[in-house]
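J.: A single structure is presented below for examination.
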Amino acid sequence: MRYWKWQLLLLAGLFLALLMYGFAGMVDLIPRGWWYAGACLAVSAVMVLLYSRFVCLFENDNAHDLPMDKLCADTGKGLAVGLLYFCVVTGIMALAGCYSIVSVGAPAKELIWTFCYFAVVAVGEEILFRGVLFRWIDEKWGFAWALAISGLVFGLVHWTNPNGTLWAGIAIAIEAGLLLGAAYKWSGTLWFPIGIHWAWNFSQGNLFGFKVSGQDAGVSLIQAQIEGPDWITGGVFGAEASVIAVVVGAAVSAWFIYRISK
């Protein structure tokens, strides 16, 4: 493919994925309830279908990173990795004396609704940053460039979030941008990073009570007292700006990169 055509299609893919994700965000206008949960899952499925259709139309190929026979297995593995990640981060923070449980309990239905909402976030952002940006750069310039560029862009985009700082953007680029890119490359499917991203947001915000990328995630199963230096707790941005999260994320990313190299 000529370079100008590659650039044009990459920009078109990013624009369409961003537009699709923007429209998907309108699901949040629906009043909370079981209709809301169903709408979130339906919108997530539609985004997957639209991405697959985009690949067919513009690349004359099938979306090989969406194998239906791996939908449940890879998404489940991703959910487990995302949950385990924040269990480790929270555990270390607790051992450091910066996290303590005050009470436990939340309405189950509200947790389910939020869980379904984070499916929209995970699917939309993984299609945009891994399905389009990472994949196209990987195919043109290679894995290292794809990992670095997609990870950096992913982190800097979060810099604009409420309570965002340059450090928070860099932290997300390292712990999440690199991890999700490496997980995508290692698995060969979008399902795996979607699962990680999905559990990542839900577990930190609605299980352990942190802010999610600087924003209040709503009800949490655990109400916790979080206090201590910002470099440990992440401050007002949440655990994603914690050095603990960065170190754990970098370690997991390194493991995936090692597996890819093998």
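In the structure tokens, chains take letters A, B, ... by order of appearance, with residues numbered from 1 within each chain and ligands from 1 in the order shown.
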Neighbours of Leu16 in chain A within 12 Å (only C-alpha atoms; same-chain residues fewer than 3 positions away dropped), as a PyMOL selection string?

T.: chain A and resi 9-13+19-23+47+50-51+53-55+58+124+127-128+132-133

J.: According to DSSP computed on the backbone, where in range 2-212 of chain A is there helix (DSSP H, G or I)? Give the residues as a VMD selection string.

T.: chain A and resid 3 to 29 34 to 59 68 to 95 108 to 141 143 to 159 166 to 187 191 to 207

J.: I'd like the contact shell of range 192-205 of chain A - 9 Å cut-off, only C-alpha atoms, skipping same-chain residues fewer than 2 positions apart - returned as number ranges by chain.

T.: A: 71, 73-87, 90, 111, 114-115, 118-127, 130, 176, 179-184, 187-190, 207-213, 215-220, 238-240

J.: Generate a file of the selected residues that holds C-alpha atoms, formatted as a short mmCIF file (atom, residue, chain, number, x, y, z; two decimals), in the first residue's frame.

T.:
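Writing the result to out-v4.cif gives the following:
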data_model
loop_
_atom_site.label_atom_id
_atom_site.label_comp_id
_atom_site.auth_asym_id
_atom_site.auth_seq_id
_atom_site.Cartn_x
_atom_site.Cartn_y
_atom_site.Cartn_z
CA LEU A 71 -14.93 -14.50 22.36
CA ALA A 73 -12.33 -17.59 26.49
CA ASP A 74 -10.22 -14.51 25.73
CA THR A 75 -12.67 -12.04 27.23
CA GLY A 76 -12.83 -14.18 30.37
CA LYS A 77 -9.04 -14.35 30.60
CA GLY A 78 -8.87 -10.60 30.15
CA LEU A 79 -11.43 -10.01 32.89
CA ALA A 80 -9.37 -12.20 35.22
CA VAL A 81 -6.15 -10.33 34.42
CA GLY A 82 -7.77 -6.92 34.90
CA LEU A 83 -9.30 -7.94 38.23
CA LEU A 84 -6.09 -9.57 39.47
CA TYR A 85 -4.11 -6.47 38.49
CA PHE A 86 -6.11 -4.20 40.78
CA CYS A 87 -6.24 -6.80 43.55
CA THR A 90 -4.82 -2.49 46.20
CA LEU A 111 -23.07 -2.67 40.28
CA THR A 114 -22.06 0.02 35.94
CA PHE A 115 -20.40 -3.22 34.90
CA PHE A 118 -17.80 -0.21 31.31
CA ALA A 119 -18.27 -2.73 28.49
CA VAL A 120 -19.03 0.24 26.21
CA VAL A 121 -15.88 2.04 27.38
CA ALA A 122 -13.67 -1.02 26.96
CA VAL A 123 -14.98 -1.98 23.51
CA GLY A 124 -14.93 1.58 22.16
CA GLU A 125 -11.43 2.43 23.37
CA GLU A 126 -9.89 -0.91 22.41
CA ILE A 127 -11.25 -0.66 18.87
CA ARG A 130 -5.65 -1.22 19.52
CA ALA A 176 -2.17 0.54 30.60
CA LEU A 179 -0.02 -3.53 28.80
CA LEU A 180 -3.09 -3.45 26.55
CA GLY A 181 -0.98 -3.17 23.39
CA ALA A 182 1.22 -6.10 24.41
CA ALA A 183 -1.83 -8.14 25.44
CA TYR A 184 -3.41 -7.47 22.03
CA SER A 187 -3.31 -12.88 22.05
CA GLY A 188 -3.97 -11.81 18.48
CA THR A 189 -7.52 -10.85 19.46
CA LEU A 190 -9.31 -7.74 20.66
CA LEU A 207 -15.08 -2.89 43.75
CA PHE A 208 -12.25 -1.06 45.52
CA GLY A 209 -13.63 2.48 45.59
CA PHE A 210 -10.98 4.42 43.65
CA LYS A 211 -11.69 7.10 41.10
CA VAL A 212 -11.41 5.91 37.51
CA SER A 213 -9.05 8.14 35.54
CA GLN A 215 -13.70 10.52 37.67
CA ASP A 216 -16.12 9.18 40.25
CA ALA A 217 -17.31 5.73 39.10
CA GLY A 218 -20.44 5.70 41.28
CA VAL A 219 -21.33 3.02 43.84
CA SER A 220 -18.58 0.77 45.14
CA GLY A 238 -7.12 7.59 41.46
CA ALA A 239 -4.95 4.50 41.72
CA GLU A 240 -3.90 4.74 38.07
#

J.: Between A:Gly164, A:Gly177, A:Gly33, A:Gly228, which residue has the minimum interatomic distance to Ala241 in chain A, considering only C-alpha atoms?

T.: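 Closest residue, counting only C-alpha atoms: A:Gly164.
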
J.: Write out as a list of chain:residue names which residues come within 10 Å of Thr160 in chain A when counting only C-alpha atoms, dropping same-chain ones fewer than 4 positions away.

T.: A:Gly155, A:Leu156, A:Gly164, A:Thr165, A:Leu166, A:Ala168, A:Gly169, A:Ser213, A:Gly214

J.: Taking into account only C-alpha atoms, which residue in the set A:Ala173, A:Leu41, A:Leu95, A:Ala224 is nearest to Ala250 in chain A?

T.: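 Closest residue, counting only C-alpha atoms: A:Ala173.
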
J.: Kindly give the distance, in Å, that separates CA of Met93 in chain A and CA of Val236 in chain A, rounded to a single decimal.

T.: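 These two atoms are separated by 15.3 Å.
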
J.: Let me make sure I understand: among A:Leu18, A:Cys72, A:Val43, A:Leu57, which one has the smallest atom-to-atom distance to Cys116 in chain A if we use only C-alpha atoms?

T.: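 That would be A:Val43, the residue with the smallest distance to Cys116 in chain A.
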
J.: Could you state the separation of CA of Phe154 in chain A and CA of Phe134 in chain A in Å, given to one decimal place?

T.: 10.4 Å
